[in-house]
Each structure stands twice: as structure tokens, then as C-alpha cells.
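> Quick one, structure_8.cif (mmCIF, N, CA and C atoms):
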data_work
loop_
_atom_site.label_atom_id
_atom_site.label_comp_id
_atom_site.auth_asym_id
_atom_site.auth_seq_id
_atom_site.Cartn_x
_atom_site.Cartn_y
_atom_site.Cartn_z
N MET I 545 0.83 -1.17 0.00
CA MET I 545 0.00 0.00 0.00
C MET I 545 0.89 1.25 0.00
N LYS I 546 0.59 2.17 -0.87
CA LYS I 546 1.35 3.41 -0.95
C LYS I 546 0.93 4.34 0.19
N LYS I 547 1.88 4.90 0.86
CA LYS I 547 1.61 5.83 1.95
C LYS I 547 1.21 7.18 1.37
N ARG I 548 0.26 7.85 2.04
CA ARG I 548 -0.21 9.14 1.57
C ARG I 548 0.85 10.23 1.69
N PHE I 549 1.66 10.14 2.74
CA PHE I 549 2.64 11.19 3.00
C PHE I 549 4.00 10.54 3.18
N ASN I 550 4.86 10.67 2.19
CA ASN I 550 6.19 10.06 2.29
C ASN I 550 7.05 10.72 3.35
N ASN I 551 6.81 12.00 3.62
CA ASN I 551 7.63 12.71 4.59
C ASN I 551 6.89 12.98 5.89
N TRP I 552 5.92 12.14 6.24
CA TRP I 552 5.14 12.33 7.46
C TRP I 552 6.02 12.23 8.68
N LYS I 553 5.82 13.16 9.61
CA LYS I 553 6.52 13.15 10.90
C LYS I 553 5.49 13.38 11.99
N PRO I 554 5.68 12.76 13.16
CA PRO I 554 4.73 13.00 14.25
C PRO I 554 4.69 14.48 14.63
N PRO I 555 3.52 15.01 14.90
CA PRO I 555 3.43 16.43 15.25
C PRO I 555 3.92 16.70 16.66
N VAL I 556 4.32 17.92 16.91
CA VAL I 556 4.63 18.37 18.26
C VAL I 556 3.30 18.77 18.87
N ILE I 557 2.97 18.13 20.02
CA ILE I 557 1.67 18.37 20.65
C ILE I 557 1.91 18.81 22.09
N LYS I 558 1.36 19.97 22.43
CA LYS I 558 1.42 20.49 23.80
C LYS I 558 0.00 20.72 24.30
N HIS I 559 -0.22 20.41 25.56
CA HIS I 559 -1.55 20.52 26.16
C HIS I 559 -2.19 21.89 25.90
N GLY I 560 -3.35 21.87 25.26
CA GLY I 560 -4.13 23.08 25.06
C GLY I 560 -3.57 24.08 24.07
N LYS I 561 -2.51 23.74 23.37
CA LYS I 561 -1.90 24.66 22.40
C LYS I 561 -2.15 24.18 20.98
N LEU I 562 -2.35 25.11 20.07
CA LEU I 562 -2.54 24.76 18.68
C LEU I 562 -1.29 24.07 18.12
N THR I 563 -1.51 23.01 17.36
CA THR I 563 -0.40 22.39 16.65
C THR I 563 -0.09 23.24 15.41
N LYS I 564 0.92 22.86 14.71
CA LYS I 564 1.29 23.53 13.46
C LYS I 564 0.12 23.54 12.47
N TRP I 565 -0.77 22.54 12.58
CA TRP I 565 -1.90 22.40 11.66
C TRP I 565 -3.21 22.88 12.25
N ASN I 566 -3.12 23.63 13.36
CA ASN I 566 -4.28 24.29 13.98
C ASN I 566 -5.33 23.34 14.54
N TRP I 567 -4.89 22.29 15.20
CA TRP I 567 -5.80 21.47 16.02
C TRP I 567 -5.23 21.38 17.42
N VAL I 568 -6.10 21.05 18.40
CA VAL I 568 -5.73 21.13 19.81
C VAL I 568 -5.98 19.79 20.50
N VAL I 569 -5.09 19.44 21.43
CA VAL I 569 -5.25 18.24 22.25
C VAL I 569 -5.13 18.62 23.72
N TYR I 570 -6.09 18.15 24.51
CA TYR I 570 -5.94 18.20 25.97
C TYR I 570 -5.43 16.83 26.41
N HIS I 571 -4.49 16.81 27.34
CA HIS I 571 -3.89 15.59 27.88
C HIS I 571 -3.17 14.79 26.80
N PRO I 572 -2.22 15.40 26.08
CA PRO I 572 -1.54 14.69 24.99
C PRO I 572 -0.76 13.46 25.46
N ASN I 573 -0.45 13.38 26.75
CA ASN I 573 0.23 12.20 27.26
C ASN I 573 -0.65 10.95 27.21
N LYS I 574 -1.96 11.13 27.03
CA LYS I 574 -2.89 10.01 26.92
C LYS I 574 -3.34 9.76 25.47
N LEU I 575 -2.70 10.45 24.54
CA LEU I 575 -2.99 10.27 23.11
C LEU I 575 -1.92 9.40 22.48
N LYS I 576 -2.36 8.33 21.80
CA LYS I 576 -1.45 7.49 21.02
C LYS I 576 -1.79 7.72 19.57
N LEU I 577 -0.85 8.30 18.84
CA LEU I 577 -1.08 8.71 17.46
C LEU I 577 -0.28 7.84 16.52
N GLY I 578 -0.98 7.10 15.64
CA GLY I 578 -0.32 6.24 14.67
C GLY I 578 0.34 7.03 13.56
N LYS I 579 1.10 6.32 12.75
CA LYS I 579 1.79 6.94 11.63
C LYS I 579 0.82 7.27 10.50
N PHE I 580 1.18 8.27 9.73
CA PHE I 580 0.45 8.67 8.52
C PHE I 580 -0.99 9.10 8.82
N THR I 581 -1.21 9.67 10.02
CA THR I 581 -2.53 10.20 10.34
C THR I 581 -2.65 11.61 9.77
N ASP I 582 -3.89 12.01 9.53
CA ASP I 582 -4.17 13.34 8.98
C ASP I 582 -5.33 13.91 9.79
N ILE I 583 -5.06 14.96 10.55
CA ILE I 583 -6.09 15.59 11.39
C ILE I 583 -6.32 16.99 10.86
N GLY I 584 -7.56 17.31 10.53
CA GLY I 584 -7.90 18.60 9.95
C GLY I 584 -7.86 19.73 10.95
N ALA I 585 -7.71 20.93 10.42
CA ALA I 585 -7.66 22.14 11.24
C ALA I 585 -8.92 22.30 12.06
N PHE I 586 -8.78 22.92 13.20
CA PHE I 586 -9.86 23.27 14.12
C PHE I 586 -10.51 22.05 14.78
N SER I 587 -9.81 20.91 14.77
CA SER I 587 -10.29 19.73 15.50
C SER I 587 -9.82 19.83 16.94
N PHE I 588 -10.58 19.15 17.83
CA PHE I 588 -10.27 19.16 19.26
C PHE I 588 -10.33 17.73 19.79
N LEU I 589 -9.30 17.31 20.51
CA LEU I 589 -9.24 15.97 21.09
C LEU I 589 -9.01 16.10 22.59
N ASN I 590 -9.94 15.58 23.39
CA ASN I 590 -9.75 15.55 24.84
C ASN I 590 -9.40 14.11 25.21
N ALA I 591 -8.13 13.85 25.45
CA ALA I 591 -7.63 12.49 25.66
C ALA I 591 -7.47 12.13 27.13
N LYS I 592 -8.18 12.79 28.02
CA LYS I 592 -8.01 12.57 29.46
C LYS I 592 -8.05 11.10 29.84
N HIS I 593 -8.95 10.32 29.24
CA HIS I 593 -9.07 8.90 29.56
C HIS I 593 -8.58 8.01 28.41
N GLY I 594 -7.87 8.59 27.48
CA GLY I 594 -7.22 7.84 26.42
C GLY I 594 -7.88 7.95 25.06
N ILE I 595 -7.10 8.30 24.08
CA ILE I 595 -7.50 8.24 22.67
C ILE I 595 -6.39 7.52 21.93
N ILE I 596 -6.77 6.49 21.19
CA ILE I 596 -5.82 5.76 20.36
C ILE I 596 -6.22 5.96 18.91
N ILE I 597 -5.32 6.53 18.13
CA ILE I 597 -5.55 6.73 16.71
C ILE I 597 -4.49 5.90 15.99
N LYS I 598 -4.93 4.88 15.28
CA LYS I 598 -3.99 3.97 14.63
C LYS I 598 -3.53 4.51 13.28
N ASN I 599 -2.71 3.77 12.58
CA ASN I 599 -2.09 4.23 11.33
C ASN I 599 -3.11 4.55 10.23
N ASN I 600 -2.77 5.54 9.42
CA ASN I 600 -3.52 5.92 8.21
C ASN I 600 -4.95 6.40 8.47
N VAL I 601 -5.20 6.96 9.63
CA VAL I 601 -6.53 7.49 9.95
C VAL I 601 -6.63 8.92 9.41
N GLN I 602 -7.81 9.25 8.86
CA GLN I 602 -8.08 10.61 8.40
C GLN I 602 -9.20 11.19 9.25
N ILE I 603 -8.97 12.38 9.78
CA ILE I 603 -9.95 13.08 10.61
C ILE I 603 -10.17 14.45 9.97
N GLY I 604 -11.42 14.73 9.60
CA GLY I 604 -11.73 15.98 8.92
C GLY I 604 -11.65 17.19 9.84
N SER I 605 -11.72 18.35 9.26
CA SER I 605 -11.66 19.61 10.01
C SER I 605 -12.84 19.74 10.96
N GLY I 606 -12.57 20.32 12.11
CA GLY I 606 -13.63 20.63 13.06
C GLY I 606 -14.17 19.45 13.84
N VAL I 607 -13.52 18.30 13.78
CA VAL I 607 -13.99 17.11 14.50
C VAL I 607 -13.68 17.27 15.99
N LYS I 608 -14.60 16.81 16.84
CA LYS I 608 -14.41 16.82 18.30
C LYS I 608 -14.43 15.38 18.78
N ILE I 609 -13.37 14.97 19.50
CA ILE I 609 -13.28 13.61 20.05
C ILE I 609 -13.06 13.75 21.55
N TYR I 610 -13.97 13.16 22.33
CA TYR I 610 -13.94 13.30 23.78
C TYR I 610 -13.79 11.94 24.45
N SER I 611 -12.79 11.80 25.31
CA SER I 611 -12.70 10.61 26.15
C SER I 611 -13.36 10.86 27.50
N VAL I 612 -13.84 12.07 27.70
CA VAL I 612 -14.58 12.43 28.90
C VAL I 612 -15.70 13.38 28.50
N ASP I 613 -16.89 13.13 29.07
CA ASP I 613 -18.04 13.99 28.81
C ASP I 613 -18.46 14.59 30.15
N THR I 614 -18.19 15.86 30.34
CA THR I 614 -18.46 16.49 31.63
C THR I 614 -19.95 16.74 31.87
N ILE I 615 -20.76 16.68 30.84
CA ILE I 615 -22.20 16.87 31.00
C ILE I 615 -22.84 15.62 31.60
N SER I 616 -22.55 14.45 30.99
CA SER I 616 -23.14 13.19 31.47
C SER I 616 -22.28 12.51 32.53
N ASN I 617 -21.07 13.03 32.75
CA ASN I 617 -20.13 12.43 33.70
C ASN I 617 -19.65 11.05 33.25
N LYS I 618 -19.66 10.78 31.96
CA LYS I 618 -19.19 9.51 31.42
C LYS I 618 -17.80 9.68 30.84
N SER I 619 -17.03 8.60 30.89
CA SER I 619 -15.69 8.65 30.33
C SER I 619 -15.30 7.28 29.81
N GLY I 620 -14.27 7.22 29.00
CA GLY I 620 -13.77 5.97 28.46
C GLY I 620 -12.90 6.23 27.25
N LYS I 621 -12.08 5.27 26.95
CA LYS I 621 -11.14 5.37 25.85
C LYS I 621 -11.87 5.43 24.50
N VAL I 622 -11.31 6.18 23.57
CA VAL I 622 -11.78 6.23 22.19
C VAL I 622 -10.70 5.60 21.32
N VAL I 623 -11.12 4.66 20.45
CA VAL I 623 -10.16 3.98 19.57
C VAL I 623 -10.60 4.17 18.13
N LEU I 624 -9.70 4.69 17.32
CA LEU I 624 -9.92 4.81 15.88
C LEU I 624 -8.98 3.82 15.21
N GLU I 625 -9.55 2.75 14.68
CA GLU I 625 -8.75 1.68 14.07
C GLU I 625 -8.15 2.14 12.75
N LYS I 626 -7.17 1.39 12.27
CA LYS I 626 -6.43 1.83 11.08
C LYS I 626 -7.32 2.02 9.86
N ASN I 627 -6.95 3.00 9.07
CA ASN I 627 -7.61 3.35 7.81
C ASN I 627 -9.03 3.88 7.95
N CYS I 628 -9.50 4.18 9.15
CA CYS I 628 -10.86 4.74 9.26
C CYS I 628 -10.83 6.22 8.91
N LYS I 629 -12.01 6.75 8.60
CA LYS I 629 -12.15 8.14 8.20
C LYS I 629 -13.29 8.77 8.98
N ILE I 630 -13.03 9.95 9.53
CA ILE I 630 -14.03 10.68 10.30
C ILE I 630 -14.32 11.98 9.55
N GLY I 631 -15.57 12.15 9.13
CA GLY I 631 -15.95 13.33 8.34
C GLY I 631 -15.92 14.61 9.14
N ALA I 632 -15.76 15.71 8.44
CA ALA I 632 -15.65 17.04 9.04
C ALA I 632 -16.82 17.34 9.98
N ASN I 633 -16.51 18.01 11.08
CA ASN I 633 -17.47 18.51 12.06
C ASN I 633 -18.25 17.40 12.78
N SER I 634 -17.73 16.19 12.79
CA SER I 634 -18.36 15.11 13.55
C SER I 634 -17.94 15.19 15.01
N VAL I 635 -18.76 14.56 15.88
CA VAL I 635 -18.48 14.50 17.31
C VAL I 635 -18.47 13.04 17.73
N ILE I 636 -17.43 12.66 18.46
CA ILE I 636 -17.30 11.28 18.95
C ILE I 636 -17.18 11.35 20.46
N LEU I 637 -18.13 10.69 21.16
CA LEU I 637 -18.14 10.70 22.62
C LEU I 637 -17.32 9.54 23.18
N PRO I 638 -17.13 9.50 24.51
CA PRO I 638 -16.25 8.51 25.14
C PRO I 638 -16.70 7.07 24.95
N ASN I 639 -15.72 6.17 25.20
CA ASN I 639 -15.95 4.73 25.23
C ASN I 639 -16.45 4.21 23.89
N THR I 640 -15.88 4.74 22.80
CA THR I 640 -16.29 4.33 21.47
C THR I 640 -15.12 3.75 20.69
N GLN I 641 -15.48 3.01 19.65
CA GLN I 641 -14.47 2.42 18.77
C GLN I 641 -14.99 2.49 17.34
N ILE I 642 -14.16 3.00 16.44
CA ILE I 642 -14.48 3.05 15.03
C ILE I 642 -13.62 1.99 14.35
N GLY I 643 -14.26 1.02 13.70
CA GLY I 643 -13.57 -0.13 13.14
C GLY I 643 -12.67 0.19 11.96
N GLU I 644 -11.79 -0.76 11.69
CA GLU I 644 -10.84 -0.64 10.59
C GLU I 644 -11.58 -0.40 9.27
N ASN I 645 -11.10 0.57 8.50
CA ASN I 645 -11.64 0.95 7.18
C ASN I 645 -13.03 1.58 7.23
N SER I 646 -13.61 1.78 8.39
CA SER I 646 -14.95 2.36 8.46
C SER I 646 -14.93 3.86 8.23
N VAL I 647 -16.09 4.39 7.86
CA VAL I 647 -16.23 5.81 7.55
C VAL I 647 -17.37 6.39 8.38
N ILE I 648 -17.12 7.53 9.00
CA ILE I 648 -18.16 8.29 9.70
C ILE I 648 -18.41 9.53 8.85
N GLY I 649 -19.65 9.70 8.40
CA GLY I 649 -19.99 10.83 7.54
C GLY I 649 -19.85 12.17 8.24
N ALA I 650 -19.71 13.21 7.44
CA ALA I 650 -19.56 14.57 7.96
C ALA I 650 -20.75 14.96 8.83
N CYS I 651 -20.49 15.73 9.85
CA CYS I 651 -21.51 16.26 10.78
C CYS I 651 -22.26 15.17 11.53
N SER I 652 -21.63 14.04 11.75
CA SER I 652 -22.27 12.93 12.46
C SER I 652 -21.96 12.99 13.95
N PHE I 653 -22.81 12.30 14.73
CA PHE I 653 -22.66 12.23 16.18
C PHE I 653 -22.59 10.76 16.58
N VAL I 654 -21.44 10.34 17.11
CA VAL I 654 -21.26 8.96 17.56
C VAL I 654 -21.41 8.97 19.08
N PRO I 655 -22.53 8.40 19.60
CA PRO I 655 -22.81 8.51 21.03
C PRO I 655 -21.91 7.63 21.90
N TYR I 656 -22.00 7.88 23.18
CA TYR I 656 -21.23 7.16 24.20
C TYR I 656 -21.39 5.64 24.02
N GLY I 657 -20.27 4.93 24.06
CA GLY I 657 -20.29 3.47 24.08
C GLY I 657 -20.54 2.78 22.75
N LYS I 658 -20.61 3.50 21.66
CA LYS I 658 -20.90 2.90 20.34
C LYS I 658 -19.67 2.20 19.78
N ILE I 659 -19.88 0.99 19.27
CA ILE I 659 -18.82 0.24 18.61
C ILE I 659 -19.22 0.14 17.13
N ILE I 660 -18.44 0.74 16.26
CA ILE I 660 -18.68 0.68 14.82
C ILE I 660 -17.80 -0.44 14.27
N PRO I 661 -18.41 -1.49 13.70
CA PRO I 661 -17.60 -2.60 13.16
C PRO I 661 -16.75 -2.18 11.96
N PRO I 662 -15.79 -3.02 11.58
CA PRO I 662 -14.95 -2.72 10.41
C PRO I 662 -15.77 -2.65 9.12
N ASN I 663 -15.27 -1.87 8.17
CA ASN I 663 -15.80 -1.82 6.81
C ASN I 663 -17.27 -1.39 6.73
N GLN I 664 -17.63 -0.43 7.57
CA GLN I 664 -19.01 0.07 7.53
C GLN I 664 -19.02 1.58 7.38
N ILE I 665 -20.14 2.10 6.89
CA ILE I 665 -20.34 3.53 6.71
C ILE I 665 -21.49 3.95 7.62
N TRP I 666 -21.23 4.90 8.50
CA TRP I 666 -22.22 5.40 9.44
C TRP I 666 -22.33 6.91 9.28
N ALA I 667 -23.54 7.44 9.47
CA ALA I 667 -23.73 8.88 9.39
C ALA I 667 -24.99 9.28 10.13
N GLY I 668 -25.09 10.55 10.47
CA GLY I 668 -26.29 11.09 11.09
C GLY I 668 -26.10 11.42 12.55
N THR I 669 -27.22 11.87 13.14
CA THR I 669 -27.25 12.26 14.54
C THR I 669 -28.47 11.63 15.20
N PRO I 670 -28.30 10.56 15.97
CA PRO I 670 -27.05 9.83 16.17
C PRO I 670 -26.69 9.04 14.91
N ALA I 671 -25.43 8.67 14.82
CA ALA I 671 -24.95 7.95 13.63
C ALA I 671 -25.62 6.57 13.55
N ILE I 672 -26.05 6.23 12.34
CA ILE I 672 -26.59 4.90 12.06
C ILE I 672 -25.87 4.34 10.83
N LYS I 673 -25.94 3.05 10.68
CA LYS I 673 -25.29 2.40 9.55
C LYS I 673 -26.05 2.73 8.28
N ILE I 674 -25.31 3.26 7.28
CA ILE I 674 -25.95 3.58 6.00
C ILE I 674 -25.30 2.85 4.84
N GLY I 675 -24.28 2.04 5.13
CA GLY I 675 -23.63 1.33 4.03
C GLY I 675 -22.50 0.45 4.51
N ILE I 676 -21.90 -0.22 3.54
CA ILE I 676 -20.77 -1.11 3.82
C ILE I 676 -19.65 -0.83 2.82
N ILE I 677 -18.48 -1.33 3.14
CA ILE I 677 -17.35 -1.26 2.23
C ILE I 677 -16.93 -2.69 1.95
N LYS I 678 -17.06 -3.09 0.69
CA LYS I 678 -16.75 -4.46 0.29
C LYS I 678 -15.81 -4.42 -0.89
N ASN I 679 -14.70 -5.12 -0.78
CA ASN I 679 -13.68 -5.13 -1.84
C ASN I 679 -13.23 -3.72 -2.21
N GLY I 680 -13.15 -2.86 -1.20
CA GLY I 680 -12.69 -1.50 -1.40
C GLY I 680 -13.70 -0.55 -2.00
N LYS I 681 -14.93 -1.02 -2.25
CA LYS I 681 -15.97 -0.17 -2.85
C LYS I 681 -17.06 0.09 -1.82
N ARG I 682 -17.58 1.31 -1.85
CA ARG I 682 -18.65 1.70 -0.92
C ARG I 682 -20.01 1.38 -1.52
N LYS I 683 -20.85 0.75 -0.72
CA LYS I 683 -22.22 0.45 -1.12
C LYS I 683 -23.14 1.06 -0.09
N TYR I 684 -24.02 1.97 -0.54
CA TYR I 684 -24.89 2.70 0.36
C TYR I 684 -26.30 2.15 0.35
N CYS I 685 -26.93 2.18 1.51
CA CYS I 685 -28.35 1.87 1.66
C CYS I 685 -28.92 3.04 2.43
N PHE I 686 -29.78 3.81 1.84
CA PHE I 686 -30.30 5.00 2.51
C PHE I 686 -31.53 4.69 3.32
N PHE I 687 -31.41 3.66 4.11
CA PHE I 687 -32.39 3.29 5.12
C PHE I 687 -31.61 2.55 6.18
N ARG I 688 -32.19 2.36 7.34
CA ARG I 688 -31.47 1.73 8.44
C ARG I 688 -31.10 0.30 8.08
N VAL I 689 -29.81 -0.02 8.15
CA VAL I 689 -29.31 -1.36 7.84
C VAL I 689 -29.06 -2.08 9.15
N THR I 690 -29.67 -3.24 9.31
CA THR I 690 -29.48 -3.97 10.56
C THR I 690 -28.56 -5.16 10.36
#
Written as C-alpha cells, how would this file's structure read?

Amino acid sequence: MKKRFNNWKPPVIKHGKLTKWNWVVYHPNKLKLGKFTDIGAFSFLNAKHGIIIKNNVQIGSGVKIYSVDTISNKSGKVVLEKNCKIGANSVILPNTQIGENSVIGACSFVPYGKIIPPNQIWAGTPAIKIGIIKNGKRKYCFFRVT
């Protein structure tokens, strides 16, 4: 597989400070960032209880990922498996996992405790399954897929 960025280097991340690419992390010591990740500008990651982002993950601009929710008092690790994609302006709450190769559509809301299996397409508020990825091709069903 060809890497998207031949000269990719891990970013310098300081608590609460903008990175070179204009995204912010709270508790960067609890963030595990895989190689060849791409995080869009104006994204926010609160890694207080752990965020794991594996290799080749793409995160769109304005995405919010929370390992702690101060409103509901819930917390838990967030895991983004390799090659998954998170659409712009989506929100991911604690104790969630996005499966390998899965896609979360733009402006989606992934609620607390949701496990998205590999090779699936989810979108909406709250996010529901709208398709699958089979043999590298996306197949959409614009109704709830069970």
C-alpha cells in the first residue's frame, strides 16, 4: 500500500496549544497517534481517559473527540482503528471504537459506548449504519441497515 505522505513526521503536541496544523489536544500524554494520520484544522481531542488513533486514519476539520463527557459524567477510551475516516465537524463521545476501514460521515454524532464494526459507513445524529465497504468499494443503503 502506498503511503499518503512520504515525509510524514509525528506532530509536536502540547496541552491546550494549537499544533502547526491548527488542532488542539488536551492531555496529549494520553494520546497514542499512529503513523500517517491526517487531522484537519480546528479539530479538538480531549484524551483525558485515552484516545488511540492507529495508522492511516483521516480526521476531517472541526472534529471533536472526547474521552470524557463532563455533561453526562461519562468517560472511556476512544479507539480509531487503522484506515478509518471521520468526516468534518463530527463529534465522537467517550468509550467508542471506530472499526478498521470504516467511515463516519460529515456532521455525524457517535454517542457514548458505540462500537462501529470494520468496513461500515455510518452517518447522522445519532450515527446509524448507511452502508458497507466491500472489496474497497462503498455500497450505500439510505435506510437503516441492521
> Between I:Ala591, I:Ile596, I:Val647, I:Ile659, which is the closest to Ile674 in chain I once you count only C-alpha atoms?
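Among the listed residues, the smallest separation from Ile674 in chain I belongs to I:Val647.
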> Run the PyMOL selection byres (((chain I and resi 608-610 and name CA) around 6) and name CA) against the file shown and list the residues it catches, as a PDB file with N, CA and C atoms, keeping the file's coordinate frame.

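Result file follows (expr.pdb):
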ATOM      1  N   SER I 587      -9.810  20.910  14.770  1.00  0.00           N
ATOM      2  CA  SER I 587     -10.290  19.730  15.500  1.00  0.00           C
ATOM      3  C   SER I 587      -9.820  19.830  16.940  1.00  0.00           C
ATOM      4  N   PHE I 588     -10.580  19.150  17.830  1.00  0.00           N
ATOM      5  CA  PHE I 588     -10.270  19.160  19.260  1.00  0.00           C
ATOM      6  C   PHE I 588     -10.330  17.730  19.790  1.00  0.00           C
ATOM      7  N   LEU I 589      -9.300  17.310  20.510  1.00  0.00           N
ATOM      8  CA  LEU I 589      -9.240  15.970  21.090  1.00  0.00           C
ATOM      9  C   LEU I 589      -9.010  16.100  22.590  1.00  0.00           C
ATOM     10  N   ASN I 590      -9.940  15.580  23.390  1.00  0.00           N
ATOM     11  CA  ASN I 590      -9.750  15.550  24.840  1.00  0.00           C
ATOM     12  C   ASN I 590      -9.400  14.110  25.210  1.00  0.00           C
ATOM     13  N   VAL I 607     -13.520  18.300  13.780  1.00  0.00           N
ATOM     14  CA  VAL I 607     -13.990  17.110  14.500  1.00  0.00           C
ATOM     15  C   VAL I 607     -13.680  17.270  15.990  1.00  0.00           C
ATOM     16  N   SER I 611     -12.790  11.800  25.310  1.00  0.00           N
ATOM     17  CA  SER I 611     -12.700  10.610  26.150  1.00  0.00           C
ATOM     18  C   SER I 611     -13.360  10.860  27.500  1.00  0.00           C
ATOM     19  N   VAL I 612     -13.840  12.070  27.700  1.00  0.00           N
ATOM     20  CA  VAL I 612     -14.580  12.430  28.900  1.00  0.00           C
ATOM     21  C   VAL I 612     -15.700  13.380  28.500  1.00  0.00           C
ATOM     22  N   VAL I 635     -18.760  14.560  15.880  1.00  0.00           N
ATOM     23  CA  VAL I 635     -18.480  14.500  17.310  1.00  0.00           C
ATOM     24  C   VAL I 635     -18.470  13.040  17.730  1.00  0.00           C
ATOM     25  N   ILE I 636     -17.430  12.660  18.460  1.00  0.00           N
ATOM     26  CA  ILE I 636     -17.300  11.280  18.950  1.00  0.00           C
ATOM     27  C   ILE I 636     -17.180  11.350  20.460  1.00  0.00           C
ATOM     28  N   LEU I 637     -18.130  10.690  21.160  1.00  0.00           N
ATOM     29  CA  LEU I 637     -18.140  10.700  22.620  1.00  0.00           C
ATOM     30  C   LEU I 637     -17.320   9.540  23.180  1.00  0.00           C
ATOM     31  N   PRO I 638     -17.130   9.500  24.510  1.00  0.00           N
ATOM     32  CA  PRO I 638     -16.250   8.510  25.140  1.00  0.00           C
ATOM     33  C   PRO I 638     -16.700   7.070  24.950  1.00  0.00           C
TER      34      PRO I 638
END
> Using only N, CA and C atoms, which of the listed residues (I:Gly594, I:Gly604, I:Gly675, I:Gly643) sits closest to Pro661 in chain I?
I:Gly643
> Would you list the residues near (-19.7, 10.5, 17.2) (no more than 7 Å away, in the coordinates of the file, using only N, CA and C atoms) as a tab-separated table (two decimals) with N, CA and C atoms, keeping the file's coordinate frame?

chain	number	residue	atom	x	y	z
I	634	SER	N	-17.73	16.19	12.79
I	634	SER	CA	-18.36	15.11	13.55
I	634	SER	C	-17.94	15.19	15.01
I	635	VAL	N	-18.76	14.56	15.88
I	635	VAL	CA	-18.48	14.50	17.31
I	635	VAL	C	-18.47	13.04	17.73
I	636	ILE	N	-17.43	12.66	18.46
I	636	ILE	CA	-17.30	11.28	18.95
I	636	ILE	C	-17.18	11.35	20.46
I	637	LEU	N	-18.13	10.69	21.16
I	637	LEU	CA	-18.14	10.70	22.62
I	637	LEU	C	-17.32	9.54	23.18
I	652	SER	N	-21.63	14.04	11.75
I	652	SER	CA	-22.27	12.93	12.46
I	652	SER	C	-21.96	12.99	13.95
I	653	PHE	N	-22.81	12.30	14.73
I	653	PHE	CA	-22.66	12.23	16.18
I	653	PHE	C	-22.59	10.76	16.58
I	654	VAL	N	-21.44	10.34	17.11
I	654	VAL	CA	-21.26	8.96	17.56
I	654	VAL	C	-21.41	8.97	19.08
I	655	PRO	N	-22.53	8.40	19.60
I	655	PRO	CA	-22.81	8.51	21.03
I	655	PRO	C	-21.91	7.63	21.90
I	656	TYR	N	-22.00	7.88	23.18
I	656	TYR	CA	-21.23	7.16	24.20
I	656	TYR	C	-21.39	5.64	24.02
I	671	ALA	N	-25.43	8.67	14.82
I	671	ALA	CA	-24.95	7.95	13.63
I	671	ALA	C	-25.62	6.57	13.55
> Between I:Ile603, I:Pro555, I:Lys561, I:Lys658, single out the one closest to Ala632 in chain I, counting only N, CA and C atoms.
I:Ile603
> Using all atoms listed in the file, give me every residue within 5 Å of (-6.0, 17.2, 16.1) in file coordinates, as a count of residues only.
4
> Give the padded box for range 662-668 of chain I as AutoDock Vina command-line options: axis-aligned, covering all atoms listed in the file, 3 Å on each side, centre and edge lengths in Å to one decimal.

--center_x -20.6 --center_y 4.2 --center_z 9.6 --size_x 17.3 --size_y 20.4 --size_z 11.8
> Taking the file above as input, evaluate the PyMOL selection byres ((chain I and resi 641) around 6) and report the hits as a ChimeraX atom specification.
/I:622-624,639-640,642-643,657-660
> I:Lys681, I:Asn573, I:Lys592, I:Ile648: which is nearest Gly631 in chain I, counting only N, CA and C atoms?
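With only N, CA and C atoms as the atom set, the closest residue is I:Ile648.
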> Quick one: DSSP strand (DSSP E or B) residues in range 550-649 of chain I, as a VMD selection string?
chain I and resid 568 to 570 575 to 577 582 to 583 588 to 590 595 to 597 602 to 603 608 to 610 612 to 613 618 to 619 622 to 624 629 to 630 635 to 636 641 to 642 647 to 648
> Please indicate the distance in Å from atom N of Tyr684 in chain I to CA of Asn600 in chain I, rounded to one decimal place.
22.6 Å
> Hey, which of I:Lys553, I:Lys574, I:Lys673, I:Lys598 ends up closest to Asn627 in chain I? Count all atoms listed in the file.
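Among the listed residues, I:Lys598 lies closest to Asn627 in chain I.
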> To one decimal place in Å, what is the distance between CA of Ser619 in chain I and CA of Tyr570 in chain I?
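CA of Tyr570 in chain I lies at a distance of 14.3 Å from CA of Ser619 in chain I.
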